[in-house]
Amino acid sequence: MKRLTHAVMLLLGLSMVIMASCTKDPDNGGNNGGGNNGNTYNGHEYVDLGLPSGTLWATCNVGATKPEGCGDCFAWGETTPKNSYEWDNYKYGNGHSDNWDYDKLTKYCCQAEHGYNGFTDNLTTLEAIDDAATANWGNGWRTPTELQVQELLRFTLQEISFQNNVQGLTLTGTNHNSIFFPISNIDDDAHYWTSTLKTSDNNRAVVFRIGTLHKDDIVGDITDGKRRCGLFVRPVHSN
């Protein structure tokens with residue numbers, strides 16, 4: 001009888017362990033970001049990379065359920081994904097996809113030649129209402145600025161890595177915590193929006209690019225992209 005009772009207790013204990021392991025939402029990415037210790041904000045995990053500004057980087061892209069997932073694509077200044085990304089369906093433009101008629105911007109424009117009927121508002125950073133990170137993950141999350149991406153690249157070590165057979169770039173901070181940015185193929189690039197408008201050409205915004213420099217090298221750098229295009233978003237948070 002004592003042996004039976006002992007066996008039952010062991011089975012109950014094992015069941016509790018299994019149940020506990022299943023209650024952790026795998027969609028948050030677990031600890032795959034690298035040293036994030038399960039820190040979450042609004043239900044989304046982040047990593048403290050020890051950056052001077054204190055900026056905390058999310059472990060996943062918007063729309064992804066794991067760090068190796070690419071997630072959804074958004075035009076700059078839009079908060080929902082689309083089937084196509086053209087000037088004729090861009091939220092803040094009256095252009096057309098069959099030509100280069102992008103000089104009809106209705107928001108985020110400081111150059112009259114790009115504004116609709118000469119429109120300008122001199123806004124150069126996404127407002128919360130137009131930020132895919134904020135709209136999808138809640139207040140406190142936002143698309144990183146160009147300066148925050150510059151800081152990320154300056155104060156982390158970049159290494160090619162694989163996560164669940166997905167190739168990408170791991171960035172490790174001075175505190176040894178790290179985050180992973182995926183790309184789909186070694187010959188492809190992954191482009192991430194910043195919240196910063198390119199002031200010298202208002203039809204473009206600043207982009208954080210993960211891509212190949214040489215045949216076997218994957219690096220992160222800063223470039224720009226047409227704001228009508230659908231790119232990924234990796235949110236940031238500050239305490």
# chains A, B, ... in the order shown; residues from 1 in each chain; ligands from 1
>>> select_by_dssp(residues="segment 109-138 of chain A", states="alpha helix (DSSP H)", output="list in words")
Ala132, Ala133, Thr134, Ala135, Asn136 and Trp137 of chain A
>>> residues_around(residues="Gly225 of chain A", least_positions_apart="3", cutoff="10 Å", atoms="only C-alpha atoms", output="ChimeraX atom specification")
/A:76,191-193,197-198,203-209,228-231
>>> atom_distance(atom1="atom CA of Gly95 of chain A", atom2="atom CA of Val233 of chain A")
24.1 Å
>>> closest_residue(among="A:Pro67, A:Gly43, A:Gly118, A:Gly93", to="Thr170 of chain A", atoms="only C-alpha atoms")
A:Pro67
>>> atom_distance(atom1="atom CA of Asp221 of chain A", atom2="atom CA of Pro81 of chain A")
24.4 Å
>>> residues_around(residues="Phe180 of chain A", least_positions_apart="3", cutoff="10 Å", atoms="only C-alpha atoms", output="list of chain:residue names")
A:Asn32, A:Gly33, A:Gly34, A:Ala58, A:Thr59, A:Cys60, A:Pro67, A:Glu68, A:Gln158, A:Glu159, A:Ile160, A:Ser161, A:Phe162, A:Gln163, A:Gln167, A:Gly168, A:Leu169, A:Thr170, A:Leu171, A:Thr172, A:Ile183
>>> select_by_dssp(residues="segment 127-219 of chain A", states="strand (DSSP E)", output="VMD selection string")
chain A and resid 141 to 142 156 to 163 166 to 173 178 to 182 190 to 197 204 to 212 218 to 219
>>> atom_distance(atom1="atom CA of Asp131 of chain A", atom2="atom CA of Leu157 of chain A")
28.0 Å
>>> residues_around(residues="Asn42 of chain A", least_positions_apart="4", cutoff="10 Å", atoms="only C-alpha atoms", output="VMD selection string")
chain A and resid 137 to 141
>>> write_last_selection(atoms="C-alpha atoms", output="PDB file, in the first residue's frame")
ATOM      1  CA  TRP A 137       1.695  45.470 -28.954  1.00  0.00           C
ATOM      2  CA  GLY A 138       0.303  48.371 -26.936  1.00  0.00           C
ATOM      3  CA  ASN A 139       1.586  51.576 -25.380  1.00  0.00           C
ATOM      4  CA  GLY A 140       5.182  51.338 -24.232  1.00  0.00           C
ATOM      5  CA  TRP A 141       6.320  49.509 -27.357  1.00  0.00           C
TER       6      TRP A 141
END
>>> residues_around(residues="Cys110 of chain A", least_positions_apart="4", cutoff="9 Å", atoms="only C-alpha atoms", output="VMD selection string")
chain A and resid 114 to 115 119 to 124 199 202
>>> write_last_selection(atoms="all heavy atoms", output="mmCIF file, in the first residue's frame")
data_model
loop_
_atom_site.group_PDB
_atom_site.id
_atom_site.type_symbol
_atom_site.label_atom_id
_atom_site.label_comp_id
_atom_site.auth_asym_id
_atom_site.auth_seq_id
_atom_site.Cartn_x
_atom_site.Cartn_y
_atom_site.Cartn_z
ATOM 1 N N HIS A 114 7.385 66.929 -52.426
ATOM 2 C CA HIS A 114 6.864 65.579 -52.189
ATOM 3 C C HIS A 114 5.463 65.601 -51.581
ATOM 4 O O HIS A 114 4.816 64.568 -51.479
ATOM 5 C CB HIS A 114 7.791 64.794 -51.258
ATOM 6 C CG HIS A 114 9.075 64.369 -51.906
ATOM 7 N ND1 HIS A 114 9.151 63.940 -53.205
ATOM 8 C CD2 HIS A 114 10.341 64.298 -51.412
ATOM 9 C CE1 HIS A 114 10.405 63.627 -53.502
ATOM 10 N NE2 HIS A 114 11.148 63.841 -52.433
ATOM 11 N N GLY A 115 4.987 66.769 -51.164
ATOM 12 C CA GLY A 115 3.691 66.858 -50.506
ATOM 13 C C GLY A 115 2.542 67.065 -51.472
ATOM 14 O O GLY A 115 2.709 67.660 -52.546
ATOM 15 N N PHE A 119 1.921 70.157 -49.651
ATOM 16 C CA PHE A 119 1.721 69.937 -48.218
ATOM 17 C C PHE A 119 3.037 69.647 -47.494
ATOM 18 O O PHE A 119 3.898 68.922 -47.980
ATOM 19 C CB PHE A 119 0.774 68.755 -48.015
ATOM 20 C CG PHE A 119 0.747 68.232 -46.605
ATOM 21 C CD1 PHE A 119 -0.037 68.826 -45.645
ATOM 22 C CD2 PHE A 119 1.542 67.139 -46.249
ATOM 23 C CE1 PHE A 119 -0.051 68.351 -44.346
ATOM 24 C CE2 PHE A 119 1.527 66.656 -44.952
ATOM 25 C CZ PHE A 119 0.736 67.259 -44.005
ATOM 26 N N THR A 120 3.188 70.238 -46.306
ATOM 27 C CA THR A 120 4.275 69.900 -45.391
ATOM 28 C C THR A 120 3.751 69.933 -43.957
ATOM 29 O O THR A 120 2.839 70.705 -43.643
ATOM 30 C CB THR A 120 5.460 70.876 -45.496
ATOM 31 O OG1 THR A 120 5.010 72.201 -45.206
ATOM 32 C CG2 THR A 120 6.103 70.833 -46.877
ATOM 33 N N ASP A 121 4.303 69.072 -43.108
ATOM 34 C CA ASP A 121 3.989 69.114 -41.683
ATOM 35 C C ASP A 121 5.252 69.038 -40.819
ATOM 36 O O ASP A 121 5.187 69.183 -39.600
ATOM 37 C CB ASP A 121 3.018 68.006 -41.281
ATOM 38 C CG ASP A 121 3.538 66.613 -41.632
ATOM 39 O OD1 ASP A 121 4.723 66.477 -41.991
ATOM 40 O OD2 ASP A 121 2.746 65.655 -41.558
ATOM 41 N N ASN A 122 6.401 68.774 -41.472
ATOM 42 C CA ASN A 122 7.692 68.716 -40.802
ATOM 43 C C ASN A 122 7.773 67.646 -39.719
ATOM 44 O O ASN A 122 8.615 67.743 -38.814
ATOM 45 C CB ASN A 122 8.063 70.089 -40.216
ATOM 46 C CG ASN A 122 8.260 71.133 -41.304
ATOM 47 O OD1 ASN A 122 8.911 70.875 -42.315
ATOM 48 N ND2 ASN A 122 7.678 72.313 -41.109
ATOM 49 N N LEU A 123 6.942 66.619 -39.808
ATOM 50 C CA LEU A 123 7.041 65.475 -38.898
ATOM 51 C C LEU A 123 8.099 64.518 -39.434
ATOM 52 O O LEU A 123 8.047 64.115 -40.595
ATOM 53 C CB LEU A 123 5.695 64.754 -38.789
ATOM 54 C CG LEU A 123 4.547 65.523 -38.131
ATOM 55 C CD1 LEU A 123 3.257 64.698 -38.212
ATOM 56 C CD2 LEU A 123 4.882 65.841 -36.678
ATOM 57 N N THR A 124 9.047 64.144 -38.602
ATOM 58 C CA THR A 124 10.136 63.270 -39.058
ATOM 59 C C THR A 124 10.240 61.976 -38.260
ATOM 60 O O THR A 124 11.113 61.161 -38.531
ATOM 61 C CB THR A 124 11.479 64.014 -38.992
ATOM 62 O OG1 THR A 124 11.717 64.440 -37.644
ATOM 63 C CG2 THR A 124 11.478 65.227 -39.923
ATOM 64 N N THR A 199 15.029 62.710 -44.107
ATOM 65 C CA THR A 199 14.659 64.102 -44.354
ATOM 66 C C THR A 199 15.122 64.615 -45.711
ATOM 67 O O THR A 199 14.556 65.570 -46.238
ATOM 68 C CB THR A 199 15.231 65.008 -43.249
ATOM 69 O OG1 THR A 199 16.649 64.801 -43.152
ATOM 70 C CG2 THR A 199 14.591 64.692 -41.910
ATOM 71 N N ASN A 202 11.779 62.571 -48.711
ATOM 72 C CA ASN A 202 10.659 62.215 -47.851
ATOM 73 C C ASN A 202 9.825 61.035 -48.311
ATOM 74 O O ASN A 202 8.920 60.594 -47.602
ATOM 75 C CB ASN A 202 9.745 63.429 -47.649
ATOM 76 C CG ASN A 202 10.352 64.493 -46.777
ATOM 77 O OD1 ASN A 202 9.784 65.555 -46.613
ATOM 78 N ND2 ASN A 202 11.540 64.244 -46.212
#
>>> closest_residue(among="A:Leu105, A:Ala128, A:Ala133, A:Thr143", to="Gly63 of chain A", atoms="only C-alpha atoms")
A:Ala133
>>> closest_residue(among="A:Cys70, A:Ile222, A:Leu51, A:Leu126", to="Ala190 of chain A", atoms="only C-alpha atoms")
A:Cys70
>>> closest_residue(among="A:Glu151, A:Tyr108, A:Lys91, A:Pro52", to="Ala75 of chain A", atoms="only C-alpha atoms")
A:Lys91
>>> decode(residues="segment 22-172 of chain A", atoms="C-alpha atoms", output="PDB file, in the first residue's frame")
ATOM      1  CA  CYS A  22       2.883  23.916 -20.851  1.00  0.00           C
ATOM      2  CA  THR A  23       1.624  27.113 -19.267  1.00  0.00           C
ATOM      3  CA  LYS A  24       4.588  29.143 -20.579  1.00  0.00           C
ATOM      4  CA  ASP A  25       3.432  30.592 -23.861  1.00  0.00           C
ATOM      5  CA  PRO A  26       5.869  29.397 -26.553  1.00  0.00           C
ATOM      6  CA  ASP A  27       4.676  32.235 -28.780  1.00  0.00           C
ATOM      7  CA  ASN A  28       6.631  34.645 -26.604  1.00  0.00           C
ATOM      8  CA  GLY A  29       9.783  32.949 -27.764  1.00  0.00           C
ATOM      9  CA  GLY A  30      10.796  31.402 -24.444  1.00  0.00           C
ATOM     10  CA  ASN A  31      14.363  32.396 -23.642  1.00  0.00           C
ATOM     11  CA  ASN A  32      15.482  32.099 -27.256  1.00  0.00           C
ATOM     12  CA  GLY A  33      16.414  35.743 -27.373  1.00  0.00           C
ATOM     13  CA  GLY A  34      19.406  34.962 -25.192  1.00  0.00           C
ATOM     14  CA  GLY A  35      19.587  35.913 -21.529  1.00  0.00           C
ATOM     15  CA  ASN A  36      16.288  37.742 -21.339  1.00  0.00           C
ATOM     16  CA  ASN A  37      15.309  35.814 -18.186  1.00  0.00           C
ATOM     17  CA  GLY A  38      11.649  35.848 -19.179  1.00  0.00           C
ATOM     18  CA  ASN A  39      11.250  39.628 -18.915  1.00  0.00           C
ATOM     19  CA  THR A  40       7.971  40.724 -20.514  1.00  0.00           C
ATOM     20  CA  TYR A  41       6.022  43.896 -21.116  1.00  0.00           C
ATOM     21  CA  ASN A  42       2.415  43.778 -22.318  1.00  0.00           C
ATOM     22  CA  GLY A  43       2.896  40.038 -22.825  1.00  0.00           C
ATOM     23  CA  HIS A  44       5.952  40.327 -25.102  1.00  0.00           C
ATOM     24  CA  GLU A  45       9.466  39.356 -24.112  1.00  0.00           C
ATOM     25  CA  TYR A  46      12.419  41.701 -24.298  1.00  0.00           C
ATOM     26  CA  VAL A  47      16.168  41.588 -23.747  1.00  0.00           C
ATOM     27  CA  ASP A  48      18.323  44.013 -21.782  1.00  0.00           C
ATOM     28  CA  LEU A  49      21.532  44.277 -23.813  1.00  0.00           C
ATOM     29  CA  GLY A  50      23.186  46.703 -21.421  1.00  0.00           C
ATOM     30  CA  LEU A  51      22.898  49.583 -23.883  1.00  0.00           C
ATOM     31  CA  PRO A  52      23.843  53.061 -22.613  1.00  0.00           C
ATOM     32  CA  SER A  53      20.358  54.457 -23.280  1.00  0.00           C
ATOM     33  CA  GLY A  54      18.666  51.601 -21.425  1.00  0.00           C
ATOM     34  CA  THR A  55      16.667  50.671 -24.522  1.00  0.00           C
ATOM     35  CA  LEU A  56      15.192  47.170 -24.270  1.00  0.00           C
ATOM     36  CA  TRP A  57      14.810  45.186 -27.491  1.00  0.00           C
ATOM     37  CA  ALA A  58      11.993  42.719 -28.148  1.00  0.00           C
ATOM     38  CA  THR A  59      12.910  39.108 -28.862  1.00  0.00           C
ATOM     39  CA  CYS A  60      10.404  38.820 -31.740  1.00  0.00           C
ATOM     40  CA  ASN A  61       9.195  40.810 -34.716  1.00  0.00           C
ATOM     41  CA  VAL A  62       5.649  42.118 -34.787  1.00  0.00           C
ATOM     42  CA  GLY A  63       3.449  39.292 -36.064  1.00  0.00           C
ATOM     43  CA  ALA A  64       5.987  36.574 -35.223  1.00  0.00           C
ATOM     44  CA  THR A  65       5.507  33.982 -32.503  1.00  0.00           C
ATOM     45  CA  LYS A  66       9.169  33.033 -32.145  1.00  0.00           C
ATOM     46  CA  PRO A  67      12.498  34.881 -32.532  1.00  0.00           C
ATOM     47  CA  GLU A  68      13.262  33.005 -35.756  1.00  0.00           C
ATOM     48  CA  GLY A  69       9.938  34.038 -37.307  1.00  0.00           C
ATOM     49  CA  CYS A  70       9.917  36.989 -39.704  1.00  0.00           C
ATOM     50  CA  GLY A  71       6.415  38.143 -38.749  1.00  0.00           C
ATOM     51  CA  ASP A  72       4.267  40.644 -40.629  1.00  0.00           C
ATOM     52  CA  CYS A  73       5.266  43.358 -43.077  1.00  0.00           C
ATOM     53  CA  PHE A  74       4.097  46.950 -42.820  1.00  0.00           C
ATOM     54  CA  ALA A  75       4.410  50.052 -44.944  1.00  0.00           C
ATOM     55  CA  TRP A  76       6.064  52.888 -43.025  1.00  0.00           C
ATOM     56  CA  GLY A  77       3.385  54.704 -41.060  1.00  0.00           C
ATOM     57  CA  GLU A  78       0.830  51.881 -41.406  1.00  0.00           C
ATOM     58  CA  THR A  79      -0.227  49.474 -38.671  1.00  0.00           C
ATOM     59  CA  THR A  80      -1.753  46.526 -40.541  1.00  0.00           C
ATOM     60  CA  PRO A  81      -0.204  44.200 -43.144  1.00  0.00           C
ATOM     61  CA  LYS A  82      -1.455  44.173 -46.747  1.00  0.00           C
ATOM     62  CA  ASN A  83      -1.405  41.876 -49.757  1.00  0.00           C
ATOM     63  CA  SER A  84       0.486  44.422 -51.841  1.00  0.00           C
ATOM     64  CA  TYR A  85       2.512  47.523 -51.131  1.00  0.00           C
ATOM     65  CA  GLU A  86       2.147  50.224 -53.767  1.00  0.00           C
ATOM     66  CA  TRP A  87       1.803  53.999 -53.896  1.00  0.00           C
ATOM     67  CA  ASP A  88      -1.840  53.671 -54.877  1.00  0.00           C
ATOM     68  CA  ASN A  89      -2.699  51.895 -51.604  1.00  0.00           C
ATOM     69  CA  TYR A  90      -0.283  53.728 -49.321  1.00  0.00           C
ATOM     70  CA  LYS A  91      -2.147  55.338 -46.408  1.00  0.00           C
ATOM     71  CA  TYR A  92      -0.400  58.696 -46.551  1.00  0.00           C
ATOM     72  CA  GLY A  93      -0.083  59.218 -50.282  1.00  0.00           C
ATOM     73  CA  ASN A  94      -2.178  59.870 -53.356  1.00  0.00           C
ATOM     74  CA  GLY A  95       0.246  58.391 -55.854  1.00  0.00           C
ATOM     75  CA  HIS A  96      -0.174  55.574 -58.364  1.00  0.00           C
ATOM     76  CA  SER A  97       1.638  52.278 -58.766  1.00  0.00           C
ATOM     77  CA  ASP A  98       1.989  52.610 -62.548  1.00  0.00           C
ATOM     78  CA  ASN A  99       4.469  55.496 -62.346  1.00  0.00           C
ATOM     79  CA  TRP A 100       6.798  57.293 -59.938  1.00  0.00           C
ATOM     80  CA  ASP A 101       4.077  59.617 -58.710  1.00  0.00           C
ATOM     81  CA  TYR A 102       5.119  59.609 -55.054  1.00  0.00           C
ATOM     82  CA  ASP A 103       5.113  63.390 -54.702  1.00  0.00           C
ATOM     83  CA  LYS A 104       1.670  63.420 -53.102  1.00  0.00           C
ATOM     84  CA  LEU A 105       2.363  62.685 -49.446  1.00  0.00           C
ATOM     85  CA  THR A 106      -0.308  63.711 -46.960  1.00  0.00           C
ATOM     86  CA  LYS A 107       1.647  63.190 -43.707  1.00  0.00           C
ATOM     87  CA  TYR A 108       5.285  63.064 -42.613  1.00  0.00           C
ATOM     88  CA  CYS A 109       6.510  65.490 -45.206  1.00  0.00           C
ATOM     89  CA  CYS A 110       8.947  68.364 -44.884  1.00  0.00           C
ATOM     90  CA  GLN A 111       9.607  68.845 -48.596  1.00  0.00           C
ATOM     91  CA  ALA A 112       6.895  70.675 -50.525  1.00  0.00           C
ATOM     92  CA  GLU A 113       7.850  68.917 -53.772  1.00  0.00           C
ATOM     93  CA  HIS A 114       6.864  65.579 -52.189  1.00  0.00           C
ATOM     94  CA  GLY A 115       3.691  66.858 -50.506  1.00  0.00           C
ATOM     95  CA  TYR A 116       0.177  66.753 -51.911  1.00  0.00           C
ATOM     96  CA  ASN A 117      -0.458  70.242 -53.328  1.00  0.00           C
ATOM     97  CA  GLY A 118       2.747  71.356 -51.617  1.00  0.00           C
ATOM     98  CA  PHE A 119       1.721  69.937 -48.218  1.00  0.00           C
ATOM     99  CA  THR A 120       4.275  69.900 -45.391  1.00  0.00           C
ATOM    100  CA  ASP A 121       3.989  69.114 -41.683  1.00  0.00           C
ATOM    101  CA  ASN A 122       7.692  68.716 -40.802  1.00  0.00           C
ATOM    102  CA  LEU A 123       7.041  65.475 -38.898  1.00  0.00           C
ATOM    103  CA  THR A 124      10.136  63.270 -39.058  1.00  0.00           C
ATOM    104  CA  THR A 125       9.336  60.555 -36.481  1.00  0.00           C
ATOM    105  CA  LEU A 126       6.361  58.197 -36.429  1.00  0.00           C
ATOM    106  CA  GLU A 127       3.579  59.170 -34.063  1.00  0.00           C
ATOM    107  CA  ALA A 128       2.157  56.416 -31.861  1.00  0.00           C
ATOM    108  CA  ILE A 129      -1.040  56.225 -33.907  1.00  0.00           C
ATOM    109  CA  ASP A 130       1.014  55.315 -36.989  1.00  0.00           C
ATOM    110  CA  ASP A 131       3.499  53.001 -35.253  1.00  0.00           C
ATOM    111  CA  ALA A 132       2.974  49.287 -35.996  1.00  0.00           C
ATOM    112  CA  ALA A 133       4.752  48.316 -32.779  1.00  0.00           C
ATOM    113  CA  THR A 134       2.508  50.483 -30.603  1.00  0.00           C
ATOM    114  CA  ALA A 135      -0.691  49.628 -32.460  1.00  0.00           C
ATOM    115  CA  ASN A 136      -0.117  45.870 -32.286  1.00  0.00           C
ATOM    116  CA  TRP A 137       1.695  45.470 -28.954  1.00  0.00           C
ATOM    117  CA  GLY A 138       0.303  48.371 -26.936  1.00  0.00           C
ATOM    118  CA  ASN A 139       1.586  51.576 -25.380  1.00  0.00           C
ATOM    119  CA  GLY A 140       5.182  51.338 -24.232  1.00  0.00           C
ATOM    120  CA  TRP A 141       6.320  49.509 -27.357  1.00  0.00           C
ATOM    121  CA  ARG A 142       7.495  51.442 -30.383  1.00  0.00           C
ATOM    122  CA  THR A 143       9.466  51.125 -33.586  1.00  0.00           C
ATOM    123  CA  PRO A 144      13.127  52.009 -32.862  1.00  0.00           C
ATOM    124  CA  THR A 145      14.572  55.296 -34.033  1.00  0.00           C
ATOM    125  CA  GLU A 146      17.617  55.530 -36.256  1.00  0.00           C
ATOM    126  CA  LEU A 147      19.678  56.526 -33.204  1.00  0.00           C
ATOM    127  CA  GLN A 148      18.550  53.429 -31.310  1.00  0.00           C
ATOM    128  CA  VAL A 149      19.606  51.191 -34.198  1.00  0.00           C
ATOM    129  CA  GLN A 150      22.953  52.980 -34.382  1.00  0.00           C
ATOM    130  CA  GLU A 151      23.409  52.327 -30.669  1.00  0.00           C
ATOM    131  CA  LEU A 152      22.482  48.666 -31.099  1.00  0.00           C
ATOM    132  CA  LEU A 153      25.099  48.192 -33.803  1.00  0.00           C
ATOM    133  CA  ARG A 154      27.766  50.130 -31.911  1.00  0.00           C
ATOM    134  CA  PHE A 155      27.456  48.370 -28.568  1.00  0.00           C
ATOM    135  CA  THR A 156      26.857  44.751 -29.612  1.00  0.00           C
ATOM    136  CA  LEU A 157      28.896  41.985 -31.183  1.00  0.00           C
ATOM    137  CA  GLN A 158      27.389  40.674 -34.441  1.00  0.00           C
ATOM    138  CA  GLU A 159      27.661  36.984 -35.289  1.00  0.00           C
ATOM    139  CA  ILE A 160      26.130  34.743 -37.942  1.00  0.00           C
ATOM    140  CA  SER A 161      23.986  32.118 -36.239  1.00  0.00           C
ATOM    141  CA  PHE A 162      21.184  29.593 -36.678  1.00  0.00           C
ATOM    142  CA  GLN A 163      18.094  29.296 -34.540  1.00  0.00           C
ATOM    143  CA  ASN A 164      15.870  26.282 -35.148  1.00  0.00           C
ATOM    144  CA  ASN A 165      17.494  25.908 -38.578  1.00  0.00           C
ATOM    145  CA  VAL A 166      16.802  29.540 -39.485  1.00  0.00           C
ATOM    146  CA  GLN A 167      19.848  31.605 -40.376  1.00  0.00           C
ATOM    147  CA  GLY A 168      20.253  35.107 -39.113  1.00  0.00           C
ATOM    148  CA  LEU A 169      22.299  37.519 -37.060  1.00  0.00           C
ATOM    149  CA  THR A 170      22.812  37.371 -33.300  1.00  0.00           C
ATOM    150  CA  LEU A 171      23.726  40.625 -31.562  1.00  0.00           C
ATOM    151  CA  THR A 172      25.301  40.238 -28.117  1.00  0.00           C
TER     152      THR A 172
END
